[in-house]
Amino acid sequence: MAGIAILLDLYRKNPSFCSQESFHSSGFFSASAAAASAAATVVAGTPFASRFLFGNPKVSHCDAAAAFPEDYISNVQRLSEDIVKNVKNLKNDALKYAVKEYKVELKPLYSAFELRPFAMTTLRSFLMFYLPLLEPATNVEEDDEDFLQDTPKEQHVDLVVPFKKSVKQIIRETTVVTTRRVLERLAVIYVSQRMAWKLLKDVPKSAVRKSQRGLPTTVYFFRVSRTTFRGHLLGVVAAALVQTGIEIYRCFCRKTNSEESDELNLTEQTKFLGKKISDITIRCGASLVFASIGAGIGAVLFRPSVGQWIGCAAGDLAGPIIVSVCLEKGFHVNL
């Protein structure tokens with residue numbers, strides 16, 4: 001409002017101020033009027049009480065362009081390049097220190113009944129019980145009469161019993177594998193994702209990855225053994241559960257078929273069942289420990305994947321035998 005009042009005062013004093021000629025011929029309006037308007041605006045914004053102390057503000061104008069240094073553009077470019085580099089470094093650090101993702105891959109629940117695994121289980125079971133029949137029968141004690149006989153006695157070979165044992169072995173192994181698949185799903189549900197990933201890890205591939213890190217021999221042996229222990233744990237627990245179920249079934253079958261008194265029979269069967277379960281626990285624990293140690297030794301001595309698999313299989317078979325022999329020699333306990 002103060003600026004408009006000043007302009008009106010100037011118009012009254014000089015009526016020719018806004019004529020067509022003076023308006024176009026001189027830049028007085030463009031410079032003076034703008035300066036006066038700006039000064040009036042500043043003055044109007046200043047309280048009357050402060051004018052007494054600070055006076056009227058002075059306004060100065062400059063039409064000269066701002067001067068930039070010569071290396072201004074290069075500095076801006078250099079700064080932009082530094083910003084891009086810092087952003088890339090931050091991205092790399094974020095990828096490097098990002099949270100590790102644990103991808104758990106579950107195998108099919110009935111994977112034991114697939115063609116290849118079931119065929120391998122069947123072949124292994126039949127060879128286990130039919131190969132001993134191919135060994136020639138040798139008589140340790142031979143009499144003179146037998147030596148003088150022209151026609152030796154023919155020995156009858158029973159093929160039904162090995163067949164029944166082979167079928168039972170097939171059922172046992174498929175049940176163990178299926179039980180392990182159930183335990184894997186329970187582990188995914190009830191334990192953390194990191195622990196489930198470790199329990200379900202592919203141990204031979206993990207041994208190969210560890211061998212590529214350039215670890216010392218002792219550290220590599222320890223880590224492969226630890227990984228094998230975790231990866232082999234669910235399989236051993238499944239085998240122990242299945243074998244315990246078989247022993248409980250046999251215990252009930254003996255109880256129903258026995259003719260002794262109920263109290264004595266129940267006590268004896270309970271003690272016998274407890275001994276069997278403890279034997280199963282010791283054997284499975286020995287199998288797990290020696291399989292882990294054997295896997296570490298095999299991965300160090302041979303190729304990581306094949307050596308780990310061979311060492312694990314050898315330790316799994318040798319562990320219960322070694323423990324049973326040690327218990328029999330040291331504590332006179334028969335497993």
# chains A, B, ... in the order shown; residues from 1 in each chain; ligands from 1
$ residues_around --residues "Tyr130 in chain A" --least-positions-apart "3" --cutoff "9 Å" --atoms "only C-alpha atoms" --output "compact mmCIF listing (two decimals) with N, CA and C atoms, in the first residue's frame"
# COMPACT_ATOMS: atom_id res chain seq x y z
N SER A 125 19.10 -105.12 -0.98
CA SER A 125 18.52 -106.04 0.01
C SER A 125 18.64 -107.49 -0.44
N PHE A 126 18.36 -107.77 -1.71
CA PHE A 126 18.46 -109.15 -2.19
C PHE A 126 19.91 -109.63 -2.22
N LEU A 127 20.82 -108.76 -2.61
CA LEU A 127 22.23 -109.17 -2.59
C LEU A 127 22.72 -109.42 -1.17
N LEU A 133 24.53 -117.35 0.15
CA LEU A 133 24.16 -118.69 -0.32
C LEU A 133 25.06 -119.18 -1.44
N LEU A 134 25.75 -118.26 -2.09
CA LEU A 134 26.63 -118.65 -3.19
C LEU A 134 27.99 -119.15 -2.72
N LEU A 159 15.47 -121.08 -0.18
CA LEU A 159 15.42 -119.76 -0.80
C LEU A 159 14.27 -118.88 -0.29
N PRO A 162 15.68 -116.31 2.86
CA PRO A 162 16.33 -115.07 2.39
C PRO A 162 15.38 -114.11 1.68
N PHE A 163 14.40 -114.70 0.99
CA PHE A 163 13.43 -113.82 0.32
C PHE A 163 12.61 -113.03 1.34
N SER A 166 14.76 -110.36 2.79
CA SER A 166 14.97 -109.27 1.82
C SER A 166 13.76 -108.34 1.77
$ residues_around --residues "range 213-226 of chain A" --least-positions-apart "4" --cutoff "7 Å" --atoms "only C-alpha atoms" --output "ChimeraX atom specification"
/A:207,230,292-293,295-297,300
$ residues_around --residues "Cys251 in chain A" --least-positions-apart "4" --cutoff "7 Å" --atoms "only C-alpha atoms" --output "list of chain:residue names"
A:Glu247, A:Lys255, A:Gln269, A:Leu273
$ write_last_selection --atoms "all heavy atoms" --output "PDB file, in the first residue's frame"
ATOM      1  N   GLU A 247      11.193-103.122  17.641  1.00  0.00           N
ATOM      2  CA  GLU A 247      11.431-103.824  18.906  1.00  0.00           C
ATOM      3  C   GLU A 247      10.190-103.798  19.799  1.00  0.00           C
ATOM      4  O   GLU A 247       9.883-104.784  20.485  1.00  0.00           O
ATOM      5  CB  GLU A 247      12.623-103.213  19.632  1.00  0.00           C
ATOM      6  CG  GLU A 247      13.958-103.407  18.923  1.00  0.00           C
ATOM      7  CD  GLU A 247      14.333-104.873  18.789  1.00  0.00           C
ATOM      8  OE1 GLU A 247      13.895-105.689  19.633  1.00  0.00           O
ATOM      9  OE2 GLU A 247      15.070-105.203  17.843  1.00  0.00           O
ATOM     10  N   LYS A 255       4.879-111.132  24.145  1.00  0.00           N
ATOM     11  CA  LYS A 255       4.002-111.124  25.310  1.00  0.00           C
ATOM     12  C   LYS A 255       2.714-111.887  25.038  1.00  0.00           C
ATOM     13  O   LYS A 255       2.212-112.629  25.912  1.00  0.00           O
ATOM     14  CB  LYS A 255       3.686-109.678  25.683  1.00  0.00           C
ATOM     15  CG  LYS A 255       2.780-109.553  26.902  1.00  0.00           C
ATOM     16  CD  LYS A 255       2.501-108.100  27.205  1.00  0.00           C
ATOM     17  CE  LYS A 255       1.529-107.983  28.387  1.00  0.00           C
ATOM     18  NZ  LYS A 255       1.199-106.580  28.702  1.00  0.00           N
ATOM     19  N   GLN A 269       9.907-108.718  29.940  1.00  0.00           N
ATOM     20  CA  GLN A 269       9.793-108.079  28.640  1.00  0.00           C
ATOM     21  C   GLN A 269      10.142-106.589  28.704  1.00  0.00           C
ATOM     22  O   GLN A 269      10.743-106.041  27.771  1.00  0.00           O
ATOM     23  CB  GLN A 269       8.368-108.255  28.095  1.00  0.00           C
ATOM     24  CG  GLN A 269       8.009-109.686  27.733  1.00  0.00           C
ATOM     25  CD  GLN A 269       8.854-110.214  26.596  1.00  0.00           C
ATOM     26  OE1 GLN A 269       9.319-109.463  25.743  1.00  0.00           O
ATOM     27  NE2 GLN A 269       9.058-111.528  26.585  1.00  0.00           N
ATOM     28  N   LEU A 273      13.125-104.986  26.642  1.00  0.00           N
ATOM     29  CA  LEU A 273      12.851-103.874  25.725  1.00  0.00           C
ATOM     30  C   LEU A 273      13.733-102.665  26.046  1.00  0.00           C
ATOM     31  O   LEU A 273      14.252-102.003  25.137  1.00  0.00           O
ATOM     32  CB  LEU A 273      11.384-103.486  25.809  1.00  0.00           C
ATOM     33  CG  LEU A 273      10.934-102.321  24.921  1.00  0.00           C
ATOM     34  CD1 LEU A 273      11.147-102.660  23.448  1.00  0.00           C
ATOM     35  CD2 LEU A 273       9.473-101.985  25.172  1.00  0.00           C
TER      36      LEU A 273
END
$ residues_around --residues "Ile280 in chain A" --least-positions-apart "3" --cutoff "9 Å" --atoms "only C-alpha atoms" --output "list of chain:residue names"
A:Ala240, A:Gln243, A:Thr244, A:Lys275, A:Lys276, A:Ile277, A:Arg283, A:Cys284, A:Gly285, A:Leu335
$ closest_residue --among "A:Leu241, A:Val203, A:Leu266, A:Val208" --to "Trp309 in chain A" --atoms "only C-alpha atoms"
A:Val203
$ atom_distance --atom1 "CA of Ala112 in chain A" --atom2 "CA of Gly294 in chain A"
25.4 Å
$ residues_around --residues "Leu106 in chain A" --least-positions-apart "2" --cutoff "10 Å" --atoms "only C-alpha atoms" --output "JSON, numbers by chain"
{"A": [103, 104, 108, 109, 181, 184, 185, 188, 197, 200]}
$ write_last_selection --atoms "N, CA, C and O atoms" --output "compact mmCIF listing (two decimals), in the first residue's frame"
# COMPACT_ATOMS: atom_id res chain seq x y z
N LYS A 103 17.65 -71.00 1.65
CA LYS A 103 16.65 -71.65 0.81
C LYS A 103 16.59 -73.13 1.16
O LYS A 103 17.53 -73.87 0.94
N VAL A 104 15.48 -73.54 1.74
CA VAL A 104 15.28 -74.92 2.16
C VAL A 104 14.54 -75.65 1.05
O VAL A 104 13.43 -75.26 0.67
N PRO A 108 10.51 -84.88 -2.09
CA PRO A 108 9.15 -85.44 -2.00
C PRO A 108 8.99 -86.38 -0.81
O PRO A 108 9.94 -87.06 -0.40
N LEU A 109 7.79 -86.41 -0.27
CA LEU A 109 7.55 -87.23 0.92
C LEU A 109 7.74 -88.71 0.64
O LEU A 109 8.28 -89.45 1.47
N ARG A 181 11.79 -88.02 5.79
CA ARG A 181 11.10 -86.94 5.09
C ARG A 181 10.08 -86.26 6.00
O ARG A 181 9.90 -85.04 5.96
N GLU A 184 12.04 -84.05 8.34
CA GLU A 184 12.47 -82.83 7.66
C GLU A 184 11.36 -81.78 7.63
O GLU A 184 11.61 -80.59 7.86
N ARG A 185 10.15 -82.22 7.38
CA ARG A 185 9.03 -81.26 7.37
C ARG A 185 8.73 -80.73 8.77
O ARG A 185 8.38 -79.55 8.93
N VAL A 188 11.34 -78.04 9.45
CA VAL A 188 11.05 -76.78 8.77
C VAL A 188 9.97 -75.99 9.52
O VAL A 188 10.01 -74.76 9.60
N TRP A 197 17.85 -75.24 7.39
CA TRP A 197 18.72 -75.26 6.22
C TRP A 197 19.97 -76.09 6.48
O TRP A 197 20.46 -76.80 5.60
N LEU A 200 19.04 -79.87 6.46
CA LEU A 200 18.67 -80.38 5.14
C LEU A 200 19.71 -80.07 4.07
O LEU A 200 19.45 -80.23 2.87
$ residues_around --residues "Val167 in chain A" --least-positions-apart "6" --cutoff "12 Å" --atoms "only C-alpha atoms" --output "list in words"
Thr121, Thr122, Leu123, Arg124, Ser125, Phe126, Leu127, Met128, Phe129, Val160, Val161, Glu173 and Thr174 of chain A
$ write_last_selection --atoms "N, CA and C atoms" --output "PDB file, in the first residue's frame"
ATOM      1  N   THR A 121      17.380 -99.943  -3.559  1.00  0.00           N
ATOM      2  CA  THR A 121      17.092-100.576  -2.269  1.00  0.00           C
ATOM      3  C   THR A 121      16.773-102.056  -2.440  1.00  0.00           C
ATOM      4  N   THR A 122      15.996-102.383  -3.450  1.00  0.00           N
ATOM      5  CA  THR A 122      15.644-103.786  -3.693  1.00  0.00           C
ATOM      6  C   THR A 122      16.866-104.614  -4.056  1.00  0.00           C
ATOM      7  N   LEU A 123      17.690-104.077  -4.950  1.00  0.00           N
ATOM      8  CA  LEU A 123      18.895-104.807  -5.352  1.00  0.00           C
ATOM      9  C   LEU A 123      19.842-105.012  -4.178  1.00  0.00           C
ATOM     10  N   ARG A 124      20.029-103.991  -3.377  1.00  0.00           N
ATOM     11  CA  ARG A 124      20.922-104.108  -2.218  1.00  0.00           C
ATOM     12  C   ARG A 124      20.397-105.114  -1.199  1.00  0.00           C
ATOM     13  N   SER A 125      19.101-105.124  -0.980  1.00  0.00           N
ATOM     14  CA  SER A 125      18.522-106.044   0.008  1.00  0.00           C
ATOM     15  C   SER A 125      18.638-107.494  -0.444  1.00  0.00           C
ATOM     16  N   PHE A 126      18.361-107.769  -1.713  1.00  0.00           N
ATOM     17  CA  PHE A 126      18.457-109.151  -2.190  1.00  0.00           C
ATOM     18  C   PHE A 126      19.908-109.629  -2.218  1.00  0.00           C
ATOM     19  N   LEU A 127      20.818-108.758  -2.605  1.00  0.00           N
ATOM     20  CA  LEU A 127      22.228-109.167  -2.590  1.00  0.00           C
ATOM     21  C   LEU A 127      22.723-109.424  -1.171  1.00  0.00           C
ATOM     22  N   MET A 128      22.202-108.686  -0.220  1.00  0.00           N
ATOM     23  CA  MET A 128      22.641-108.842   1.166  1.00  0.00           C
ATOM     24  C   MET A 128      22.320-110.233   1.715  1.00  0.00           C
ATOM     25  N   PHE A 129      21.191-110.805   1.300  1.00  0.00           N
ATOM     26  CA  PHE A 129      20.766-112.076   1.878  1.00  0.00           C
ATOM     27  C   PHE A 129      20.945-113.263   0.932  1.00  0.00           C
ATOM     28  N   VAL A 160      13.425-119.469   0.524  1.00  0.00           N
ATOM     29  CA  VAL A 160      12.269-118.715   1.012  1.00  0.00           C
ATOM     30  C   VAL A 160      12.662-117.784   2.142  1.00  0.00           C
ATOM     31  N   VAL A 161      13.506-118.273   3.038  1.00  0.00           N
ATOM     32  CA  VAL A 161      13.910-117.454   4.189  1.00  0.00           C
ATOM     33  C   VAL A 161      14.686-116.211   3.749  1.00  0.00           C
ATOM     34  N   GLU A 173      13.943-100.164   5.068  1.00  0.00           N
ATOM     35  CA  GLU A 173      14.668 -99.028   4.487  1.00  0.00           C
ATOM     36  C   GLU A 173      13.729 -97.965   3.922  1.00  0.00           C
ATOM     37  N   THR A 174      12.668 -98.381   3.263  1.00  0.00           N
ATOM     38  CA  THR A 174      11.706 -97.403   2.752  1.00  0.00           C
ATOM     39  C   THR A 174      11.003 -96.677   3.886  1.00  0.00           C
TER      40      THR A 174
END
$ residues_around --residues "Leu234 in chain A" --least-positions-apart "2" --cutoff "8 Å" --atoms "only C-alpha atoms" --output "list in words"
Arg180, Leu183, Glu184, Leu199, Arg230, Gly231, His232, Val236, Val237 and Ala238 of chain A
$ atom_distance --atom1 "CA of Arg194 in chain A" --atom2 "CA of Gly235 in chain A"
18.7 Å
